[in-house]
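Novice: What follows is a structure written as structure tokens; I'll ask about it next.
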Amino acid sequence: PVNPRSGEVPVVPQGISRDDFLQALEELKQELGGENVEVNDKPLRDGWYMEHPNTHDMMTILDEEEFVAGAVVYPGSTEDVVKIVKWANRWLVPVFPISMGRNLGYGGAAPRVRGSVTIDLGRRMNKILDINPQDYTCLVEPGVSFYGLYEELGKRGLREHMWVDTPDLGGGSIIGNTVDRGVGYTPYGDHWACHSGLEVVLPTGEVIRTGMGALTEGGENTWGVFPYGFGPYSDGIFSQSNFGIVTKMGMTLMPNPGGHEGFMYTFPNEEDLGPLMEIIRPLRIATILENVAQLRHVTQSIAASGLPKSKFYSGTGTIPPDLIHAAAAQTPVGDHTWAYYGMSYGPPHIRAHKLALIDSEFRKIPGCRKIDPSTLPEDEYFWSRDRIASGTPDIHELRWVNWAPNGAHIAFSPVSPIRGPDATKLFQLGKRIHERYGIDFMPAFCVGLREMHLIVEIVFDRDDAEEKGRALGCLRDMVDEAAREGYGEYRTHLVLMDQVAGTYGWNDGALGRFNERLKDALDPNGILAPGRCGIWGRRYRGRGWEM
Ligand code: ADP
């Protein structure tokens with residue numbers, strides 16, 4: 001949809017007058033070139049995933065005008081980024097960096113503070129600066145997407161040599177996803193753990209390099225192969241924060257393991273979840289289960305067909321389980337409650353050993369079925385998981401957004417140990433709260449190594465305020481109730497950042513105060529992404545900005 005603007009445009013950020021804001025933007029045009037500064041005074045176009053807006057959250061759960069940019073600027077180099085932050089400090093304008101802005105479900109391209117000037121790094125800073133086939137590393141700028149790197153490996157004839165680890169949707173930025181600590185599904189799925197060395201523009205305009213890139217001369221030589229450099233390891237403070245703008249990042253790539261084989265098992269009952277987790281944990285920690293594995297609930301499998309809910313159910317409230325199971329029975333996979341998607345790597349004789357172990361363990365769950373992939377049609381969701389877990393970007397995952405008309409989604413993503421009682425408790429908690437709000441429950445457990453993220457995506461109609469209100473209520477209750485049981489989010493949407501940061505309140509909020517001290521030291525004017533991850537600079541604190 002294209003939404004006409006309500007209220008005065010452009011939205012002027014707090015702390016500066018309209019005239020000064022427009023004058024400041026004119027000044028920035030002088031520095032960057034007029035074509036690289038765009039005032040956001042047009043109707044808000046939602047587009048779709050591959051043609052997403054950079055002015056707002058195309059999947060907003062609030063009014064679209066809430067998290068909206070006042071202007072968007074396009075730096076072409078690290079020097080341009082320095083000019084922009086110096087400008088922001090002169091005029092006290094909040095700026096919000098994005099790499100590509102495809103952070104769907106967590107806020108998309110939107111800034112946390114209304115009227116911020118979005119720094120769209122990806123549009124012009126999109127070079128792959130290095131691919132090293134000997135070391136299996138690369139060095140990228142913010143505009144390099146998982147698709148982009150995959151294509152470049154193809155062009156250089158390196159796709160058989162090394163793989164890109166890609167998240168569920170491959171159109172996002174490698175840097176954007178990594179600094180937000182997103183995950184993928186090969187053994188290199190923990191993107192943050194796989195990165196090596198950053199170049200960062202600090203909020204006051206200094207440029208630093210971390211890790212080996214910090215060497216006075218020749219840092220490029222070992223930038224991608226050793227992440228730590230010398231002295232305190234500072235990279236962590238530039239992830240899920242607002243302490244700096246990442247302009248370059250080293251990333252490690254996975255060698256082609258010499259073969260791979262996707263596999264799928266289904267399990268009949270909701271109650272199988274607990275015993276299944278007890279089976280998965282030792283196999284995963286021993287890396288017999290080698291990749292970030294997914295255990296998905298059947299409601300999500302049905303939604304992943306891409307058909308709207310109305311095809312299955314015309315009543316109100318949540319879809320009755322018997323209808324979901326009837327629909328599942330019609331699919332090539334058949335009726336079940338849980339589906340496990342995994343991948344085994346290596347040549348056939350190596351795989352055979354691991355797959356046999358997995359098979360004998362999984363079959364301890366009564367009614368377990370192994371699905372033969374050769375029976376599945378090409379557009380079955382299984383093949384999307386198969387591609388992603390073997391280094392090929394994909395966007396099939398978007399299909400379940402069709403569940404609701406004008407579908408959008410937002411995630412609840414707590415961390416849990418891989419234990420039966422925890423999985424069951426979290427599942428019951430989510431189910432109970434979804435029922436409270438009349439929302440279909442679509443959980444997926446993503447098993448990292450020693451922990452799992454439960455990812456619950458709520459699909460809602462972005463044009464239905466009442467439905468959005470229920471979705472937000474459901475999320476807020478889940479965050480609070482899960483936190484009381486010892487489960488915290490690994491990542492969250494802009495709208496929930498203050499709440500989630502509040503759940504990490506041990507010792508009277510000591511970590512939050514520590515973050516504020518860093519913020520004030522690094523960003524004395526509080527211009528960089530105020531409020532991101534619940535961190536507010538001095539100028540904003542105690543003024544009612546938290547939500
Ligand atoms: P993607 O396009 O990969 O989904 P985004 O560009 O939307 O990722 O980035 C996700 C979030 O991470 C952004 O909203 C922003 O807050 C932060 N971020 C992204 N890129 C950078 C960067 N280069 N420097 C600092 N923060 C960033």
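In the structure tokens, each chain is lettered A, B, ... as it comes, each chain's residues begin at 1, and ligands are numbered from 1 in order of appearance.
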Could you give me the residues within segment 109-233 of chain A that DSSP places in strand (DSSP E), as a list in words?

Specialist: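 Here are the strand (DSSP E) residues of segment 109-233 of chain A: Val117, Thr118, Ile119, Asp120, Ile128, Leu129, Asp130, Ile131, Asn132, Thr137, Cys138, Leu139, Val140, Met162, Trp163, His195, Ser196, Gly197, Leu198, Glu199, Val200, Val201, Val207, Ile208 and Arg209 of chain A.
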
Novice: Report as number ranges by chain all protein, DNA and RNA residues lying within 12 Å of Pro111 of chain A, evaluated on only C-alpha atoms, omitting residues in the same chain fewer than 5 positions from it.

Specialist: A: 13, 54-57, 60, 64-72, 94-98, 101, 103, 106, 116-120, 242, 493-495, 528-533

Novice: Determine, counting only C-alpha atoms, which protein, DNA and RNA residues have an atom within 9 Å of an atom of Ala483 of chain A; residues of the same chain fewer than 5 positions away are not included. Present the result as a PyMOL selection string.

Specialist: chain A and resi 414+478+488-489+500+503-504

Novice: For all heavy atoms, I'd like the residues from the last selection saved as a PDB file, in the first residue's frame.

Specialist:
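This is the output file result.pdb:
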ATOM      1  N   PRO A 414      12.852 -15.590  22.429  1.00  0.00           N
ATOM      2  CA  PRO A 414      13.600 -15.838  23.656  1.00  0.00           C
ATOM      3  C   PRO A 414      14.622 -16.965  23.497  1.00  0.00           C
ATOM      4  O   PRO A 414      14.497 -17.810  22.624  1.00  0.00           O
ATOM      5  CB  PRO A 414      12.508 -16.270  24.628  1.00  0.00           C
ATOM      6  CG  PRO A 414      11.497 -16.938  23.774  1.00  0.00           C
ATOM      7  CD  PRO A 414      11.518 -16.205  22.453  1.00  0.00           C
ATOM      8  N   MET A 478       4.217 -11.842  26.528  1.00  0.00           N
ATOM      9  CA  MET A 478       5.173 -12.946  26.396  1.00  0.00           C
ATOM     10  C   MET A 478       6.550 -12.537  26.910  1.00  0.00           C
ATOM     11  O   MET A 478       7.212 -13.303  27.607  1.00  0.00           O
ATOM     12  CB  MET A 478       5.261 -13.429  24.941  1.00  0.00           C
ATOM     13  CG  MET A 478       4.038 -14.216  24.508  1.00  0.00           C
ATOM     14  SD  MET A 478       4.280 -15.122  22.951  1.00  0.00           S
ATOM     15  CE  MET A 478       4.438 -13.781  21.788  1.00  0.00           C
ATOM     16  N   GLY A 488      15.175 -14.711  28.255  1.00  0.00           N
ATOM     17  CA  GLY A 488      15.322 -13.357  27.721  1.00  0.00           C
ATOM     18  C   GLY A 488      15.422 -13.390  26.214  1.00  0.00           C
ATOM     19  O   GLY A 488      15.871 -14.378  25.631  1.00  0.00           O
ATOM     20  N   GLU A 489      15.029 -12.283  25.577  1.00  0.00           N
ATOM     21  CA  GLU A 489      15.106 -12.187  24.102  1.00  0.00           C
ATOM     22  C   GLU A 489      16.544 -12.112  23.607  1.00  0.00           C
ATOM     23  O   GLU A 489      17.377 -11.483  24.250  1.00  0.00           O
ATOM     24  CB  GLU A 489      14.399 -10.903  23.643  1.00  0.00           C
ATOM     25  CG  GLU A 489      12.997 -11.088  23.169  1.00  0.00           C
ATOM     26  CD  GLU A 489      12.133 -11.746  24.195  1.00  0.00           C
ATOM     27  OE1 GLU A 489      12.284 -11.513  25.404  1.00  0.00           O
ATOM     28  OE2 GLU A 489      11.309 -12.540  23.773  1.00  0.00           O
ATOM     29  N   VAL A 500      12.497  -5.033  26.615  1.00  0.00           N
ATOM     30  CA  VAL A 500      13.435  -6.153  26.664  1.00  0.00           C
ATOM     31  C   VAL A 500      14.696  -5.758  27.429  1.00  0.00           C
ATOM     32  O   VAL A 500      15.186  -6.512  28.275  1.00  0.00           O
ATOM     33  CB  VAL A 500      13.762  -6.664  25.244  1.00  0.00           C
ATOM     34  CG1 VAL A 500      14.927  -7.646  25.278  1.00  0.00           C
ATOM     35  CG2 VAL A 500      12.536  -7.325  24.618  1.00  0.00           C
ATOM     36  N   THR A 503      14.308  -6.175  31.000  1.00  0.00           N
ATOM     37  CA  THR A 503      14.324  -7.532  31.570  1.00  0.00           C
ATOM     38  C   THR A 503      15.749  -7.987  31.901  1.00  0.00           C
ATOM     39  O   THR A 503      15.931  -8.963  32.614  1.00  0.00           O
ATOM     40  CB  THR A 503      13.679  -8.577  30.624  1.00  0.00           C
ATOM     41  OG1 THR A 503      14.458  -8.689  29.424  1.00  0.00           O
ATOM     42  CG2 THR A 503      12.245  -8.215  30.267  1.00  0.00           C
ATOM     43  N   TYR A 504      16.741  -7.291  31.346  1.00  0.00           N
ATOM     44  CA  TYR A 504      18.133  -7.606  31.701  1.00  0.00           C
ATOM     45  C   TYR A 504      18.568  -6.686  32.844  1.00  0.00           C
ATOM     46  O   TYR A 504      19.515  -5.918  32.734  1.00  0.00           O
ATOM     47  CB  TYR A 504      19.040  -7.455  30.468  1.00  0.00           C
ATOM     48  CG  TYR A 504      18.853  -8.591  29.469  1.00  0.00           C
ATOM     49  CD1 TYR A 504      17.817  -8.583  28.540  1.00  0.00           C
ATOM     50  CD2 TYR A 504      19.700  -9.693  29.491  1.00  0.00           C
ATOM     51  CE1 TYR A 504      17.628  -9.642  27.656  1.00  0.00           C
ATOM     52  CE2 TYR A 504      19.522 -10.751  28.617  1.00  0.00           C
ATOM     53  CZ  TYR A 504      18.486 -10.727  27.699  1.00  0.00           C
ATOM     54  OH  TYR A 504      18.301 -11.770  26.831  1.00  0.00           O
TER      55      TYR A 504
END

Novice: Residues within 8 Å of segment 150-155 of chain A, please, as a list in words. Count only C-alpha atoms; anything in the same chain fewer than 5 positions from it doesn't count.

Specialist: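 Surrounding residues, per the criterion: Met162, Trp163, Val164, Thr392 and Pro393 of chain A.
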
Novice: Write out the residues from the selection above, keeping all heavy atoms, as a CSV table (one decimal), in the first residue's frame.

Specialist:
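Listed below is the output, again_14.csv:
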chain,number,residue,atom,x,y,z
A,162,MET,N,33.6,-22.4,-1.8
A,162,MET,CA,33.2,-22.0,-0.5
A,162,MET,C,31.8,-21.4,-0.5
A,162,MET,O,31.2,-21.0,-1.5
A,162,MET,CB,34.2,-20.9,0.1
A,162,MET,CG,34.4,-19.7,-0.8
A,162,MET,SD,36.1,-19.1,-0.3
A,162,MET,CE,35.9,-17.4,-0.6
A,163,TRP,N,31.2,-21.5,0.7
A,163,TRP,CA,29.7,-21.2,0.9
A,163,TRP,C,29.5,-19.9,1.7
A,163,TRP,O,30.3,-19.6,2.6
A,163,TRP,CB,29.1,-22.3,1.6
A,163,TRP,CG,28.9,-23.6,0.9
A,163,TRP,CD1,29.4,-23.9,-0.4
A,163,TRP,CD2,28.3,-24.8,1.4
A,163,TRP,NE1,29.0,-25.2,-0.7
A,163,TRP,CE2,28.3,-25.8,0.3
A,163,TRP,CE3,27.6,-25.1,2.6
A,163,TRP,CZ2,27.8,-27.0,0.5
A,163,TRP,CZ3,27.1,-26.4,2.7
A,163,TRP,CH2,27.2,-27.3,1.7
A,164,VAL,N,28.4,-19.3,1.4
A,164,VAL,CA,27.9,-18.2,2.2
A,164,VAL,C,26.9,-18.7,3.2
A,164,VAL,O,26.0,-19.4,2.8
A,164,VAL,CB,27.2,-17.1,1.3
A,164,VAL,CG1,26.7,-16.0,2.1
A,164,VAL,CG2,28.0,-16.7,0.2
A,392,THR,N,22.8,-21.5,-0.1
A,392,THR,CA,22.1,-20.8,-1.2
A,392,THR,C,21.0,-19.9,-0.7
A,392,THR,O,20.1,-20.4,-0.1
A,392,THR,CB,21.5,-21.8,-2.2
A,392,THR,OG1,22.6,-22.7,-2.7
A,392,THR,CG2,20.9,-21.1,-3.4
A,393,PRO,N,21.1,-18.6,-0.9
A,393,PRO,CA,20.1,-17.7,-0.4
A,393,PRO,C,18.7,-17.9,-1.0
A,393,PRO,O,18.6,-18.4,-2.1
A,393,PRO,CB,20.6,-16.3,-0.8
A,393,PRO,CG,22.0,-16.5,-1.2
A,393,PRO,CD,22.2,-17.9,-1.6

Novice: Would you work out the distance separating atom CA of Met125 of chain A from atom CA of Val183 of chain A, expressed in Å to one decimal?

Specialist: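 Pair atom CA of Met125 of chain A / atom CA of Val183 of chain A returns 22.9 Å.
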
Novice: How many Å separate atom CA of Arg45 of chain A from atom 19 (C, counted along the ligand's line) of ligand 1?

Specialist: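 It comes out at 21.1 Å.
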
Novice: I'd like the contact shell of Asp235 of chain A - 10 Å cut-off, only C-alpha atoms, skipping same-chain residues fewer than 2 positions apart - returned as a list in words.

Specialist: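 Once the adjacent positions are removed, what remains is Val179, Trp192, His195, Ser196, Gly197, Leu198, Glu199, Val200, Arg209, Thr210, Gly211, Pro227, Tyr228, Pro232, Tyr233, Ile237, Phe238 and Ser239 of chain A.
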
Novice: Return as JSON lines the residues of chain A lying at most 6 Å from ligand 1, together with the closest atom-to-atom pair for each and the distance in Å to one decimal, counting only C-alpha atoms and all ligand atoms, with rows in chain order and ascending residue number.

Specialist:
{"residue": "A:Pro97", "atom": "CA", "partner": "ligand 1", "partner_atom_place_in_ligand_line": "27 (C)", "distance": 5.4}
{"residue": "A:Ile98", "atom": "CA", "partner": "ligand 1", "partner_atom_place_in_ligand_line": "6 (O)", "distance": 4.0}
{"residue": "A:Ser99", "atom": "CA", "partner": "ligand 1", "partner_atom_place_in_ligand_line": "6 (O)", "distance": 3.4}
{"residue": "A:Met100", "atom": "CA", "partner": "ligand 1", "partner_atom_place_in_ligand_line": "2 (O)", "distance": 3.7}
{"residue": "A:Gly101", "atom": "CA", "partner": "ligand 1", "partner_atom_place_in_ligand_line": "7 (O)", "distance": 3.1}
{"residue": "A:Arg102", "atom": "CA", "partner": "ligand 1", "partner_atom_place_in_ligand_line": "4 (O)", "distance": 3.6}
{"residue": "A:Asn103", "atom": "CA", "partner": "ligand 1", "partner_atom_place_in_ligand_line": "4 (O)", "distance": 3.3}
{"residue": "A:Gly108", "atom": "CA", "partner": "ligand 1", "partner_atom_place_in_ligand_line": "7 (O)", "distance": 5.3}
{"residue": "A:Ala109", "atom": "CA", "partner": "ligand 1", "partner_atom_place_in_ligand_line": "7 (O)", "distance": 5.2}
{"residue": "A:Pro142", "atom": "CA", "partner": "ligand 1", "partner_atom_place_in_ligand_line": "23 (N)", "distance": 5.4}
{"residue": "A:Gly172", "atom": "CA", "partner": "ligand 1", "partner_atom_place_in_ligand_line": "3 (O)", "distance": 3.6}
{"residue": "A:Ser173", "atom": "CA", "partner": "ligand 1", "partner_atom_place_in_ligand_line": "3 (O)", "distance": 3.5}
{"residue": "A:Ile174", "atom": "CA", "partner": "ligand 1", "partner_atom_place_in_ligand_line": "3 (O)", "distance": 5.7}
{"residue": "A:Ile175", "atom": "CA", "partner": "ligand 1", "partner_atom_place_in_ligand_line": "20 (N)", "distance": 5.8}
{"residue": "A:Gly176", "atom": "CA", "partner": "ligand 1", "partner_atom_place_in_ligand_line": "8 (O)", "distance": 3.6}
{"residue": "A:Asn177", "atom": "CA", "partner": "ligand 1", "partner_atom_place_in_ligand_line": "3 (O)", "distance": 4.1}
{"residue": "A:Val179", "atom": "CA", "partner": "ligand 1", "partner_atom_place_in_ligand_line": "12 (O)", "distance": 5.8}
{"residue": "A:Asp180", "atom": "CA", "partner": "ligand 1", "partner_atom_place_in_ligand_line": "12 (O)", "distance": 4.9}
{"residue": "A:Gly244", "atom": "CA", "partner": "ligand 1", "partner_atom_place_in_ligand_line": "25 (C)", "distance": 5.8}
{"residue": "A:Ile245", "atom": "CA", "partner": "ligand 1", "partner_atom_place_in_ligand_line": "24 (N)", "distance": 3.6}
{"residue": "A:Val246", "atom": "CA", "partner": "ligand 1", "partner_atom_place_in_ligand_line": "24 (N)", "distance": 3.8}
{"residue": "A:Thr247", "atom": "CA", "partner": "ligand 1", "partner_atom_place_in_ligand_line": "23 (N)", "distance": 5.5}

Novice: Would you save the residues from that selection as an mmCIF file, in the first residue's frame, using N, CA, C and O atoms?

Specialist:
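Dumped to result18.cif:
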data_model
loop_
_atom_site.group_PDB
_atom_site.id
_atom_site.type_symbol
_atom_site.label_atom_id
_atom_site.label_comp_id
_atom_site.auth_asym_id
_atom_site.auth_seq_id
_atom_site.Cartn_x
_atom_site.Cartn_y
_atom_site.Cartn_z
ATOM 1 N N PRO A 97 21.757 4.699 11.449
ATOM 2 C CA PRO A 97 22.372 3.963 10.339
ATOM 3 C C PRO A 97 21.645 2.661 10.034
ATOM 4 O O PRO A 97 21.259 1.935 10.952
ATOM 5 N N ILE A 98 21.452 2.386 8.766
ATOM 6 C CA ILE A 98 21.001 1.058 8.348
ATOM 7 C C ILE A 98 21.965 0.584 7.264
ATOM 8 O O ILE A 98 22.597 1.408 6.591
ATOM 9 N N SER A 99 22.086 -0.704 7.117
ATOM 10 C CA SER A 99 22.909 -1.220 6.031
ATOM 11 C C SER A 99 22.050 -1.344 4.790
ATOM 12 O O SER A 99 22.290 -0.711 3.774
ATOM 13 N N MET A 100 21.009 -2.187 4.861
ATOM 14 C CA MET A 100 20.065 -2.258 3.755
ATOM 15 C C MET A 100 18.620 -2.051 4.212
ATOM 16 O O MET A 100 17.752 -1.747 3.417
ATOM 17 N N GLY A 101 18.382 -2.264 5.505
ATOM 18 C CA GLY A 101 17.050 -1.988 6.039
ATOM 19 C C GLY A 101 16.040 -3.093 5.807
ATOM 20 O O GLY A 101 14.838 -2.857 5.829
ATOM 21 N N ARG A 102 16.546 -4.304 5.603
ATOM 22 C CA ARG A 102 15.605 -5.423 5.416
ATOM 23 C C ARG A 102 15.445 -6.220 6.716
ATOM 24 O O ARG A 102 15.228 -7.423 6.687
ATOM 25 N N ASN A 103 15.522 -5.536 7.810
ATOM 26 C CA ASN A 103 15.455 -6.189 9.110
ATOM 27 C C ASN A 103 14.001 -6.465 9.491
ATOM 28 O O ASN A 103 13.518 -6.041 10.535
ATOM 29 N N GLY A 108 12.534 -3.286 10.343
ATOM 30 C CA GLY A 108 12.848 -2.934 8.950
ATOM 31 C C GLY A 108 13.891 -1.841 8.902
ATOM 32 O O GLY A 108 14.916 -1.912 9.581
ATOM 33 N N ALA A 109 13.618 -0.809 8.112
ATOM 34 C CA ALA A 109 14.576 0.287 7.931
ATOM 35 C C ALA A 109 14.328 1.431 8.914
ATOM 36 O O ALA A 109 15.033 2.427 8.888
ATOM 37 N N PRO A 142 28.677 -2.295 3.897
ATOM 38 C CA PRO A 142 27.321 -2.540 4.399
ATOM 39 C C PRO A 142 26.294 -2.949 3.326
ATOM 40 O O PRO A 142 25.327 -3.647 3.626
ATOM 41 N N GLY A 172 19.039 -9.497 2.799
ATOM 42 C CA GLY A 172 19.542 -8.519 3.752
ATOM 43 C C GLY A 172 21.050 -8.352 3.661
ATOM 44 O O GLY A 172 21.751 -9.091 2.961
ATOM 45 N N SER A 173 21.523 -7.349 4.390
ATOM 46 C CA SER A 173 22.947 -7.034 4.396
ATOM 47 C C SER A 173 23.702 -7.985 5.326
ATOM 48 O O SER A 173 23.228 -8.299 6.426
ATOM 49 N N ILE A 174 24.886 -8.382 4.911
ATOM 50 C CA ILE A 174 25.708 -9.244 5.768
ATOM 51 C C ILE A 174 26.094 -8.480 7.028
ATOM 52 O O ILE A 174 25.971 -8.995 8.144
ATOM 53 N N ILE A 175 26.508 -7.231 6.865
ATOM 54 C CA ILE A 175 26.875 -6.435 8.046
ATOM 55 C C ILE A 175 25.641 -6.162 8.923
ATOM 56 O O ILE A 175 25.677 -6.348 10.136
ATOM 57 N N GLY A 176 24.541 -5.757 8.308
ATOM 58 C CA GLY A 176 23.323 -5.438 9.067
ATOM 59 C C GLY A 176 22.873 -6.620 9.903
ATOM 60 O O GLY A 176 22.582 -6.498 11.092
ATOM 61 N N ASN A 177 22.830 -7.776 9.285
ATOM 62 C CA ASN A 177 22.382 -8.975 9.992
ATOM 63 C C ASN A 177 23.367 -9.352 11.098
ATOM 64 O O ASN A 177 22.971 -9.740 12.203
ATOM 65 N N VAL A 179 25.629 -7.385 12.745
ATOM 66 C CA VAL A 179 25.661 -6.497 13.915
ATOM 67 C C VAL A 179 24.386 -6.609 14.746
ATOM 68 O O VAL A 179 24.387 -6.306 15.932
ATOM 69 N N ASP A 180 23.294 -7.082 14.129
ATOM 70 C CA ASP A 180 22.090 -7.311 14.925
ATOM 71 C C ASP A 180 22.072 -8.746 15.484
ATOM 72 O O ASP A 180 21.084 -9.182 16.046
ATOM 73 N N GLY A 244 28.409 3.043 17.363
ATOM 74 C CA GLY A 244 29.245 3.288 16.197
ATOM 75 C C GLY A 244 28.563 2.853 14.919
ATOM 76 O O GLY A 244 27.540 2.153 14.957
ATOM 77 N N ILE A 245 29.131 3.280 13.795
ATOM 78 C CA ILE A 245 28.588 2.920 12.486
ATOM 79 C C ILE A 245 29.621 2.027 11.797
ATOM 80 O O ILE A 245 30.751 2.459 11.557
ATOM 81 N N VAL A 246 29.242 0.818 11.516
ATOM 82 C CA VAL A 246 30.179 -0.145 10.936
ATOM 83 C C VAL A 246 30.248 0.073 9.424
ATOM 84 O O VAL A 246 29.224 0.002 8.728
ATOM 85 N N THR A 247 31.449 0.350 8.931
ATOM 86 C CA THR A 247 31.595 0.639 7.503
ATOM 87 C C THR A 247 32.316 -0.468 6.738
ATOM 88 O O THR A 247 32.268 -0.504 5.510
#

Novice: For Ser6 of chain A, please output as a list in words all residues within 10 Å (counting only C-alpha atoms; exclusion window: fewer than 2 positions along the same chain).

Specialist: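 So, after excluding close chain neighbours, the residues are Asn3, Pro4, Glu8, Val9, Pro43, Glu64 and Glu65 of chain A.
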
Novice: Take the residues from that selection and put them in a file with N, CA, C and O atoms, as a PDB file, in the first residue's frame.

Specialist:
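This is the output file part-v3.pdb:
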ATOM      1  N   ASN A   3       0.653   4.969   1.538  1.00  0.00           N
ATOM      2  CA  ASN A   3      -0.129   5.677   2.544  1.00  0.00           C
ATOM      3  C   ASN A   3       0.137   7.171   2.513  1.00  0.00           C
ATOM      4  O   ASN A   3       1.282   7.596   2.643  1.00  0.00           O
ATOM      5  N   PRO A   4      -0.937   7.943   2.329  1.00  0.00           N
ATOM      6  CA  PRO A   4      -0.776   9.391   2.376  1.00  0.00           C
ATOM      7  C   PRO A   4      -0.286   9.789   3.762  1.00  0.00           C
ATOM      8  O   PRO A   4      -0.525   9.081   4.727  1.00  0.00           O
ATOM      9  N   GLU A   8       2.385  17.032   9.642  1.00  0.00           N
ATOM     10  CA  GLU A   8       3.299  17.846   8.853  1.00  0.00           C
ATOM     11  C   GLU A   8       4.501  17.022   8.375  1.00  0.00           C
ATOM     12  O   GLU A   8       5.044  16.223   9.126  1.00  0.00           O
ATOM     13  N   VAL A   9       4.879  17.205   7.102  1.00  0.00           N
ATOM     14  CA  VAL A   9       6.073  16.530   6.591  1.00  0.00           C
ATOM     15  C   VAL A   9       7.082  17.568   6.108  1.00  0.00           C
ATOM     16  O   VAL A   9       6.681  18.642   5.675  1.00  0.00           O
ATOM     17  N   PRO A  43       4.417  10.292   0.068  1.00  0.00           N
ATOM     18  CA  PRO A  43       3.609   9.242   0.709  1.00  0.00           C
ATOM     19  C   PRO A  43       4.495   8.045   1.060  1.00  0.00           C
ATOM     20  O   PRO A  43       5.505   7.809   0.394  1.00  0.00           O
ATOM     21  N   GLU A  64       2.202   4.052  11.056  1.00  0.00           N
ATOM     22  CA  GLU A  64       3.409   4.156  10.228  1.00  0.00           C
ATOM     23  C   GLU A  64       4.210   5.422  10.509  1.00  0.00           C
ATOM     24  O   GLU A  64       5.421   5.468  10.287  1.00  0.00           O
ATOM     25  N   GLU A  65       3.537   6.462  10.975  1.00  0.00           N
ATOM     26  CA  GLU A  65       4.218   7.742  11.230  1.00  0.00           C
ATOM     27  C   GLU A  65       5.052   7.715  12.514  1.00  0.00           C
ATOM     28  O   GLU A  65       5.779   8.662  12.798  1.00  0.00           O
TER      29      GLU A  65
END

Novice: Can you tell me, as JSON, numbers by chain, what residues are no more than 9 Å from Glu361 of chain A when counting only C-alpha atoms, ignoring any on the same chain fewer than 4 positions away?

Specialist: {"A": [279, 280, 283, 356, 357, 365]}

Novice: Can you pull out every residue from segment 220-316 of chain A that DSSP, working from the backbone, puts in helix (DSSP H, G or I), and format the result as a PyMOL selection string?

Specialist: chain A and resi 220-221+235-238+270-285+298-303+309-311

Novice: Keeping only C-alpha atoms, write the selected residues to a file as a PDB file, in the first residue's frame.

Specialist:
ATOM      1  CA  GLU A 220      44.542  -6.295   5.683  1.00  0.00           C
ATOM      2  CA  ASN A 221      46.962  -9.217   5.738  1.00  0.00           C
ATOM      3  CA  ASP A 235      33.760  -5.530  18.744  1.00  0.00           C
ATOM      4  CA  GLY A 236      30.981  -6.584  21.096  1.00  0.00           C
ATOM      5  CA  ILE A 237      29.980  -3.023  21.932  1.00  0.00           C
ATOM      6  CA  PHE A 238      29.245  -2.362  18.252  1.00  0.00           C
ATOM      7  CA  GLU A 270       2.555 -31.632  20.732  1.00  0.00           C
ATOM      8  CA  GLU A 271       3.728 -33.568  23.789  1.00  0.00           C
ATOM      9  CA  ASP A 272       6.601 -35.037  21.762  1.00  0.00           C
ATOM     10  CA  LEU A 273       8.394 -31.714  22.128  1.00  0.00           C
ATOM     11  CA  GLY A 274       9.941 -32.442  25.546  1.00  0.00           C
ATOM     12  CA  PRO A 275      11.313 -35.947  24.816  1.00  0.00           C
ATOM     13  CA  LEU A 276      12.500 -34.764  21.404  1.00  0.00           C
ATOM     14  CA  MET A 277      14.549 -31.938  22.930  1.00  0.00           C
ATOM     15  CA  GLU A 278      16.243 -34.443  25.227  1.00  0.00           C
ATOM     16  CA  ILE A 279      17.242 -36.370  22.101  1.00  0.00           C
ATOM     17  CA  ILE A 280      18.325 -33.301  20.135  1.00  0.00           C
ATOM     18  CA  ARG A 281      20.539 -31.725  22.831  1.00  0.00           C
ATOM     19  CA  PRO A 282      23.360 -34.296  23.055  1.00  0.00           C
ATOM     20  CA  LEU A 283      23.333 -34.827  19.290  1.00  0.00           C
ATOM     21  CA  ARG A 284      23.538 -31.101  18.632  1.00  0.00           C
ATOM     22  CA  ILE A 285      26.235 -30.329  21.203  1.00  0.00           C
ATOM     23  CA  VAL A 298       2.511 -27.621  11.863  1.00  0.00           C
ATOM     24  CA  THR A 299       0.552 -24.343  11.918  1.00  0.00           C
ATOM     25  CA  GLN A 300       3.622 -22.627  10.555  1.00  0.00           C
ATOM     26  CA  SER A 301       4.168 -25.379   7.981  1.00  0.00           C
ATOM     27  CA  ILE A 302       0.624 -24.845   6.711  1.00  0.00           C
ATOM     28  CA  ALA A 303       1.117 -21.077   6.611  1.00  0.00           C
ATOM     29  CA  LYS A 309      -5.812 -18.439   6.620  1.00  0.00           C
ATOM     30  CA  SER A 310      -9.207 -17.757   5.026  1.00  0.00           C
ATOM     31  CA  LYS A 311      -8.636 -20.747   2.692  1.00  0.00           C
TER      32      LYS A 311
END

Novice: Taking only C-alpha atoms into account, which of A:Leu121, A:Val113, A:Leu215, A:Met251 comes nearest Ile535 of chain A?

Specialist: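 The answer is A:Val113, which sits nearest to Ile535 of chain A.
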
Novice: Can you work out which one of A:Leu496, A:His453, A:Gly7, A:Ser241 has the shortest atom-to-atom distance to Gly512 of chain A, counting only C-alpha atoms?

Specialist: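 Closest to Gly512 of chain A of all the choices is A:Ser241.
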
Novice: Taking into account only C-alpha atoms, which residue in the set A:Arg181, A:Arg419, A:His349, A:Arg159 is nearest to Pro255 of chain A?

Specialist: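 Among the listed residues, the smallest separation from Pro255 of chain A belongs to A:Arg159.
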